[in-house]
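Participant: Below is the file coords.csv, which contains CSV, C-alpha atoms.
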chain,number,residue,atom,x,y,z
I,1,MET,CA,63.9,69.4,125.2
I,2,LEU,CA,60.5,69.7,123.5
I,3,LEU,CA,59.1,71.7,126.4
I,4,GLU,CA,62.0,74.1,126.1
I,5,LEU,CA,61.2,74.4,122.4
I,6,ALA,CA,57.6,75.2,123.2
I,7,LYS,CA,58.6,77.9,125.7
I,8,SER,CA,61.0,79.4,123.2
I,9,LEU,CA,58.2,79.8,120.6
I,10,ILE,CA,55.8,81.5,123.0
I,11,PRO,CA,56.9,85.1,122.0
I,12,ASP,CA,56.2,84.3,118.4
I,13,VAL,CA,52.9,82.7,119.2
I,14,GLN,CA,51.9,85.8,121.2
I,15,LEU,CA,53.0,88.0,118.3
I,16,ALA,CA,50.7,86.0,116.0
I,17,GLY,CA,47.9,86.4,118.5
I,18,ASP,CA,48.5,90.2,118.6
I,19,ALA,CA,48.2,90.3,114.8
I,20,ILE,CA,44.9,88.4,115.0
I,21,MET,CA,43.5,90.7,117.6
I,22,LYS,CA,44.3,93.8,115.6
I,23,ILE,CA,42.2,92.4,112.8
I,24,TYR,CA,39.5,91.0,115.2
I,25,HIS,CA,38.7,94.6,116.4
I,26,GLN,CA,38.4,95.9,112.8
I,27,GLN,CA,36.2,95.2,109.9
I,28,LYS,CA,36.8,91.6,108.9
I,29,GLU,CA,36.7,90.4,105.3
I,30,PHE,CA,37.1,86.8,104.3
I,31,GLN,CA,37.4,84.5,101.3
I,32,ILE,CA,36.0,81.0,100.9
I,33,LYS,CA,38.6,78.2,100.2
I,34,GLN,CA,38.0,75.2,97.9
I,35,ASP,CA,37.0,73.1,100.9
I,36,GLY,CA,34.2,75.7,101.8
I,37,SER,CA,35.9,77.0,104.9
I,38,PRO,CA,36.6,80.8,105.4
I,39,VAL,CA,40.1,82.3,105.4
I,40,THR,CA,40.8,85.8,106.7
I,41,GLU,CA,43.6,88.3,106.7
I,42,ALA,CA,44.2,87.2,110.3
I,43,ASP,CA,44.9,83.6,109.3
I,44,LEU,CA,47.5,84.7,106.8
I,45,ALA,CA,49.2,87.3,109.0
I,46,ALA,CA,49.5,84.8,111.9
I,47,GLU,CA,50.7,82.0,109.6
I,48,LYS,CA,53.5,84.2,108.2
I,49,ILE,CA,54.8,84.8,111.8
I,50,LEU,CA,54.6,81.2,112.9
I,51,LEU,CA,56.3,79.7,109.8
I,52,ALA,CA,59.2,82.1,110.1
I,53,ALA,CA,59.6,81.3,113.8
I,54,LEU,CA,59.5,77.5,113.2
I,55,LYS,CA,62.0,77.7,110.3
I,56,LYS,CA,64.3,79.6,112.5
I,57,ALA,CA,64.0,77.2,115.4
I,58,LYS,CA,63.9,73.9,113.5
I,59,ASN,CA,64.8,74.4,109.8
I,60,ASP,CA,65.2,70.7,109.2
I,61,VAL,CA,61.6,69.8,110.3
I,62,PRO,CA,58.9,70.0,107.6
I,63,ILE,CA,55.8,72.2,108.3
I,64,ILE,CA,52.3,71.3,107.3
I,65,SER,CA,50.2,74.4,107.7
I,66,GLU,CA,46.5,74.9,107.0
I,67,GLU,CA,47.0,78.0,104.8
I,68,ASN,CA,49.9,76.5,102.8
I,69,SER,CA,48.0,74.2,100.5
I,70,GLN,CA,51.2,73.0,98.8
I,71,SER,CA,52.3,71.5,102.1
I,72,HIS,CA,49.2,69.3,102.2
I,73,SER,CA,50.6,67.1,99.4
I,74,LEU,CA,53.8,66.3,101.3
I,75,ALA,CA,54.2,62.8,102.5
I,76,PRO,CA,54.3,62.7,106.3
I,77,ALA,CA,57.9,62.7,107.6
I,78,GLU,CA,59.1,60.9,110.7
I,79,ALA,CA,58.8,64.2,112.5
I,80,PHE,CA,56.9,67.3,111.3
I,81,PHE,CA,55.0,70.4,112.6
I,82,LEU,CA,51.3,70.9,112.1
I,83,VAL,CA,50.2,74.5,112.2
I,84,ASP,CA,46.8,76.1,112.3
I,85,PRO,CA,47.4,79.9,112.6
I,86,LEU,CA,43.7,80.6,113.4
I,87,ASP,CA,41.6,77.6,114.5
I,88,GLY,CA,37.9,78.6,114.9
I,89,THR,CA,37.8,81.1,112.0
I,90,LYS,CA,34.0,80.9,112.1
I,91,GLU,CA,34.0,81.8,115.8
I,92,PHE,CA,36.5,84.6,114.9
I,93,LEU,CA,34.1,86.0,112.3
I,94,LYS,CA,31.1,86.1,114.8
I,95,ALA,CA,32.9,88.7,116.9
I,96,ASP,CA,30.4,87.9,119.7
I,97,GLY,CA,33.0,88.3,122.4
I,98,SER,CA,33.3,84.5,123.1
I,99,GLY,CA,36.9,84.5,122.0
I,100,SER,CA,36.8,80.9,121.0
I,101,PHE,CA,39.6,80.9,118.5
I,102,THR,CA,43.2,79.8,118.8
I,103,VAL,CA,46.7,79.9,117.5
I,104,ASN,CA,48.1,76.3,117.2
I,105,ILE,CA,51.5,74.6,116.8
I,106,GLY,CA,51.8,70.8,117.1
I,107,PHE,CA,54.9,68.6,116.8
I,108,ILE,CA,54.4,65.0,115.5
I,109,ARG,CA,57.0,62.2,115.8
I,110,ASN,CA,56.3,58.7,114.6
I,111,GLY,CA,52.6,59.5,114.3
I,112,CYS,CA,52.2,60.7,117.9
I,113,PRO,CA,51.6,64.4,119.0
I,114,GLU,CA,54.6,65.1,121.3
I,115,MET,CA,54.5,68.9,121.7
I,116,GLY,CA,51.8,71.5,121.5
I,117,ILE,CA,51.2,75.2,122.0
I,118,ILE,CA,47.8,76.8,122.0
I,119,LEU,CA,47.0,80.5,122.5
I,120,ALA,CA,43.5,81.8,122.8
I,121,PRO,CA,44.4,85.5,122.3
I,122,ALA,CA,40.9,86.9,123.0
I,123,LEU,CA,40.8,85.0,126.3
I,124,ASN,CA,44.5,85.7,127.1
I,125,ARG,CA,45.1,82.0,127.8
I,126,LEU,CA,48.1,80.1,126.7
I,127,PHE,CA,48.8,76.4,127.1
I,128,ILE,CA,51.8,74.2,126.3
I,129,GLY,CA,52.7,70.6,126.7
I,130,ALA,CA,55.3,68.1,125.8
I,131,ARG,CA,55.5,64.3,126.1
I,132,GLU,CA,56.8,63.1,129.4
I,133,GLU,CA,57.4,66.7,130.5
I,134,GLY,CA,53.9,67.7,131.5
I,135,ALA,CA,51.3,70.3,130.4
I,136,PHE,CA,50.9,73.8,131.7
I,137,GLU,CA,48.9,77.0,131.4
I,138,LEU,CA,50.9,80.3,131.6
I,139,ILE,CA,49.2,82.3,134.3
I,140,ASN,CA,50.7,85.6,135.6
I,141,GLY,CA,54.1,84.6,134.3
I,142,CYS,CA,54.1,81.2,135.9
I,143,PHE,CA,53.6,77.8,134.3
I,144,GLU,CA,50.8,76.1,136.3
I,145,PRO,CA,50.5,72.3,135.8
I,146,LEU,CA,47.4,71.0,134.1
I,147,THR,CA,45.6,68.0,135.8
I,148,PRO,CA,42.7,66.2,134.2
I,149,ARG,CA,39.6,65.2,136.2
I,150,THR,CA,39.0,61.7,137.6
I,151,LEU,CA,35.9,60.3,135.9
I,152,LEU,CA,32.8,60.2,138.2
I,153,GLU,CA,29.8,58.0,137.5
I,154,SER,CA,27.6,60.7,139.0
I,155,GLU,CA,28.9,63.5,136.9
I,156,ARG,CA,30.2,63.0,133.4
I,157,ILE,CA,31.1,66.2,131.5
I,158,ALA,CA,31.6,66.4,127.8
I,159,ILE,CA,32.6,69.2,125.4
I,160,ALA,CA,30.9,69.5,122.1
I,161,SER,CA,31.7,71.8,119.2
I,162,THR,CA,29.8,75.1,119.0
I,163,SER,CA,29.6,75.1,115.1
I,164,HIS,CA,29.7,71.4,114.3
I,165,ARG,CA,27.3,69.6,116.6
I,166,ASP,CA,25.7,66.5,114.9
I,167,ASN,CA,23.3,63.6,115.7
I,168,GLN,CA,26.2,61.1,116.0
I,169,THR,CA,27.7,63.3,118.8
I,170,ASP,CA,24.4,63.5,120.6
I,171,ASN,CA,24.0,59.7,120.4
I,172,TRP,CA,27.5,59.2,121.8
I,173,LEU,CA,26.8,61.5,124.7
I,174,SER,CA,23.6,59.7,125.6
I,175,ALA,CA,25.2,56.2,125.3
I,176,HIS,CA,28.0,57.2,127.7
I,177,ASN,CA,25.8,58.7,130.4
I,178,VAL,CA,27.1,62.2,130.0
I,179,THR,CA,25.3,64.5,132.5
I,180,HIS,CA,26.6,67.9,131.5
I,181,THR,CA,27.7,69.3,128.2
I,182,ILE,CA,29.9,72.3,127.6
I,183,ARG,CA,29.8,74.0,124.2
I,184,ALA,CA,33.1,75.4,123.0
I,185,GLY,CA,34.8,76.1,119.7
I,186,SER,CA,38.3,75.5,118.4
I,187,SER,CA,41.1,73.6,120.0
I,188,VAL,CA,40.3,75.1,123.4
I,189,LYS,CA,38.2,71.9,123.9
I,190,PHE,CA,41.3,69.8,124.4
I,191,CYS,CA,42.7,72.3,126.9
I,192,LEU,CA,39.5,72.3,129.0
I,193,ILE,CA,39.8,68.5,129.3
I,194,ALA,CA,43.5,68.8,130.2
I,195,SER,CA,42.8,71.4,132.9
I,196,GLY,CA,40.1,69.3,134.6
I,197,GLN,CA,37.0,71.0,133.3
I,198,ALA,CA,35.6,68.1,131.3
I,199,ASP,CA,35.9,64.3,130.8
I,200,PHE,CA,35.3,63.8,127.0
I,201,TYR,CA,35.4,65.5,123.7
I,202,PRO,CA,33.8,63.3,121.0
I,203,ARG,CA,34.2,64.4,117.4
I,204,PHE,CA,32.6,62.6,114.4
I,205,GLY,CA,32.5,65.5,111.9
I,206,PRO,CA,35.3,66.4,109.6
I,207,THR,CA,38.5,67.9,110.9
I,208,MET,CA,42.1,68.2,109.8
I,209,GLU,CA,45.2,67.2,111.7
I,210,TRP,CA,46.3,70.8,112.1
I,211,ASP,CA,43.0,71.4,114.0
I,212,THR,CA,43.8,68.9,116.7
I,213,ALA,CA,47.5,68.1,116.9
I,214,ALA,CA,48.5,70.9,119.4
I,215,GLY,CA,45.5,70.3,121.7
I,216,ASP,CA,46.0,66.5,121.5
I,217,ALA,CA,49.6,66.9,122.5
I,218,ILE,CA,48.7,69.0,125.5
I,219,LEU,CA,46.1,66.6,126.6
I,220,ARG,CA,48.4,63.6,126.4
I,221,ALA,CA,51.2,65.5,128.2
I,222,ALA,CA,48.7,66.2,131.0
I,223,GLY,CA,47.8,62.5,131.3
I,224,GLY,CA,44.8,62.2,129.0
I,225,MET,CA,44.5,60.4,125.7
I,226,THR,CA,42.8,60.5,122.3
I,227,TYR,CA,41.4,57.4,120.6
I,228,SER,CA,39.9,56.6,117.2
I,229,SER,CA,36.3,55.5,117.1
I,230,ASP,CA,37.4,51.8,117.2
I,231,GLY,CA,39.3,52.3,120.5
I,232,LEU,CA,42.9,52.5,119.1
I,233,ILE,CA,45.3,55.3,120.1
I,234,TYR,CA,44.9,58.1,117.7
I,235,LYS,CA,47.7,58.6,115.1
I,236,TYR,CA,48.8,61.5,112.9
I,237,GLY,CA,50.2,61.5,109.3
I,238,LYS,CA,47.0,60.2,107.8
I,239,ALA,CA,46.1,60.5,104.1
I,240,ALA,CA,46.0,64.2,103.1
I,241,TYR,CA,46.2,65.0,106.9
I,242,LYS,CA,42.5,64.4,107.2
I,243,ASN,CA,41.2,63.3,110.6
I,244,THR,CA,38.9,60.4,111.2
I,245,PRO,CA,36.4,60.4,114.1
I,246,PHE,CA,38.0,60.5,117.5
I,247,ILE,CA,37.3,60.6,121.3
I,248,ALA,CA,39.5,62.7,123.5
I,249,LYS,CA,39.4,61.6,127.2
I,250,ALA,CA,40.7,63.0,130.5
I,251,GLN,CA,41.7,59.5,131.7
I,252,PRO,CA,43.2,56.9,129.3
I,253,SER,CA,41.3,54.0,130.9
I,254,SER,CA,38.0,55.8,131.4
I,255,GLY,CA,34.9,54.3,129.9
In structure tokens, write the structure found in this file.
Facilitator:
Amino acid sequence: MLLELAKSLIPDVQLAGDAIMKIYHQQKEFQIKQDGSPVTEADLAAEKILLAALKKAKNDVPIISEENSQSHSLAPAEAFFLVDPLDGTKEFLKADGSGSFTVNIGFIRNGCPEMGIILAPALNRLFIGAREEGAFELINGCFEPLTPRTLLESERIAIASTSHRDNQTDNWLSAHNVTHTIRAGSSVKFCLIASGQADFYPRFGPTMEWDTAAGDAILRAAGGMTYSSDGLIYKYGKAAYKNTPFIAKAQPSSG
């Protein structure tokens, strides 16, 4: 059922991506929010499309969205959506052709991410996933299954943030014998693990739940898992929807 919901939302997610790309190719102005992060016309245009689509599809499910600050004070419901209309705004503003920004919808139930949709509009890549129904990338009109890598001692690949790399991340990579590191921005990092291109994504710097819910859902649907820094399965609905440090892994039992 959740996979069908994800599929039904794809046209609206693509519409939001189109709105973002129109602005991406023009002069981009932005404002600074209270938390110090930038917000652009593209964030707001995409959010308007996504919120309308979700209310039409599931009017009874609360929506916590990055750009709707009033929603951040809502107590977590048993089930709710987490929306980031433009994850990787800093990458969006660089306009360097990397395309490392995404449109994100995640669905949370009982603290677990059960459905996710991610579109990287500049890369023309779209991923979906739902608990117990699998994870897929839409390629040439077909849903191709995502399969994480098997961890190899001789080759351990990690993904690190492009804009938020820190010493704690570097220390973790060294302690876990990571041999190769891929730099990427936004929630694409989760999708790269789900599709078998990396083993780990450690994140110790600040993030919000809407930054990670969709990607985490896709990774789990593909067979991976995300853990807190103390090794427990990562949960959502935390205070003010602020993330704590986490480690996303291709294999739940991998070291």
Participant: Which distance in Å separates CA of Gly205 (chain I) and CA of Gly231 (chain I), to one decimal?
Facilitator: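 Those two atoms sit 17.2 Å apart.
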Participant: Counting only C-alpha atoms, note down every residue that has an atom within 8 Å of the point (37.9, 89.7, 127.3) (file coordinates), as a short mmCIF file (atom, residue, chain, number, x, y, z; two decimals) with C-alpha atoms, in the coordinates of the input.
Facilitator:
data_model
loop_
_atom_site.label_atom_id
_atom_site.label_comp_id
_atom_site.auth_asym_id
_atom_site.auth_seq_id
_atom_site.Cartn_x
_atom_site.Cartn_y
_atom_site.Cartn_z
CA GLY I 97 33.00 88.30 122.40
CA GLY I 99 36.90 84.50 122.00
CA ALA I 122 40.90 86.90 123.00
CA LEU I 123 40.80 85.00 126.30
CA ASN I 124 44.50 85.70 127.10
#
Participant: Which of these residues is nearest to Met208 (chain I), using all atoms listed in the file: I:Ala239, I:Leu50, I:Ile139, I:Leu9?
Facilitator: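 With all atoms listed in the file as the atom set, the closest residue is I:Ala239.
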Participant: Using all atoms listed in the file, which protein or nucleic acid residues come within 12 Å of Asn110 (chain I)? Drop anything in the same chain fewer than 5 positions from it, and give the result as number ranges by chain.
Facilitator: I: 76-81, 234-238
Participant: Can you pull out every residue within 6 Å of region 115-121 of chain I, counting only C-alpha atoms, but drop anything in the same chain fewer than 4 positions away, and send it as a PyMOL selection string?
Facilitator: chain I and resi 17+101-107+125-130+214+217-218
Participant: Please compute the CA of Gly134 (chain I)-CA of Ala194 (chain I) distance, one decimal, in Å.
Facilitator: 10.5 Å
Participant: I:Ile108, I:Ala184, I:His25, I:Thr147: which is nearest Ile64 (chain I), counting only C-alpha atoms?
Facilitator: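 Result for the nearest residue to Ile64 (chain I): I:Ile108.
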Participant: Which value, in Å to one decimal, gives the distance between CA of Pro206 (chain I) and CA of Ala46 (chain I)?
Facilitator: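 Atom-to-atom, CA of Pro206 (chain I) to CA of Ala46 (chain I), that is 23.4 Å.
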Participant: Would you be able to write out as a list of chain:residue names which residues have an atom within 10 Å of (39.4, 54.4, 118.2) in the file's coordinates, counting only C-alpha atoms?
Facilitator: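 Counting only C-alpha atoms, I find these residues within 10 Å of (39.4, 54.4, 118.2): I:Thr226, I:Tyr227, I:Ser228, I:Ser229, I:Asp230, I:Gly231, I:Leu232, I:Ile233, I:Tyr234, I:Lys235, I:Thr244, I:Pro245, I:Phe246, I:Ile247, I:Ala248.
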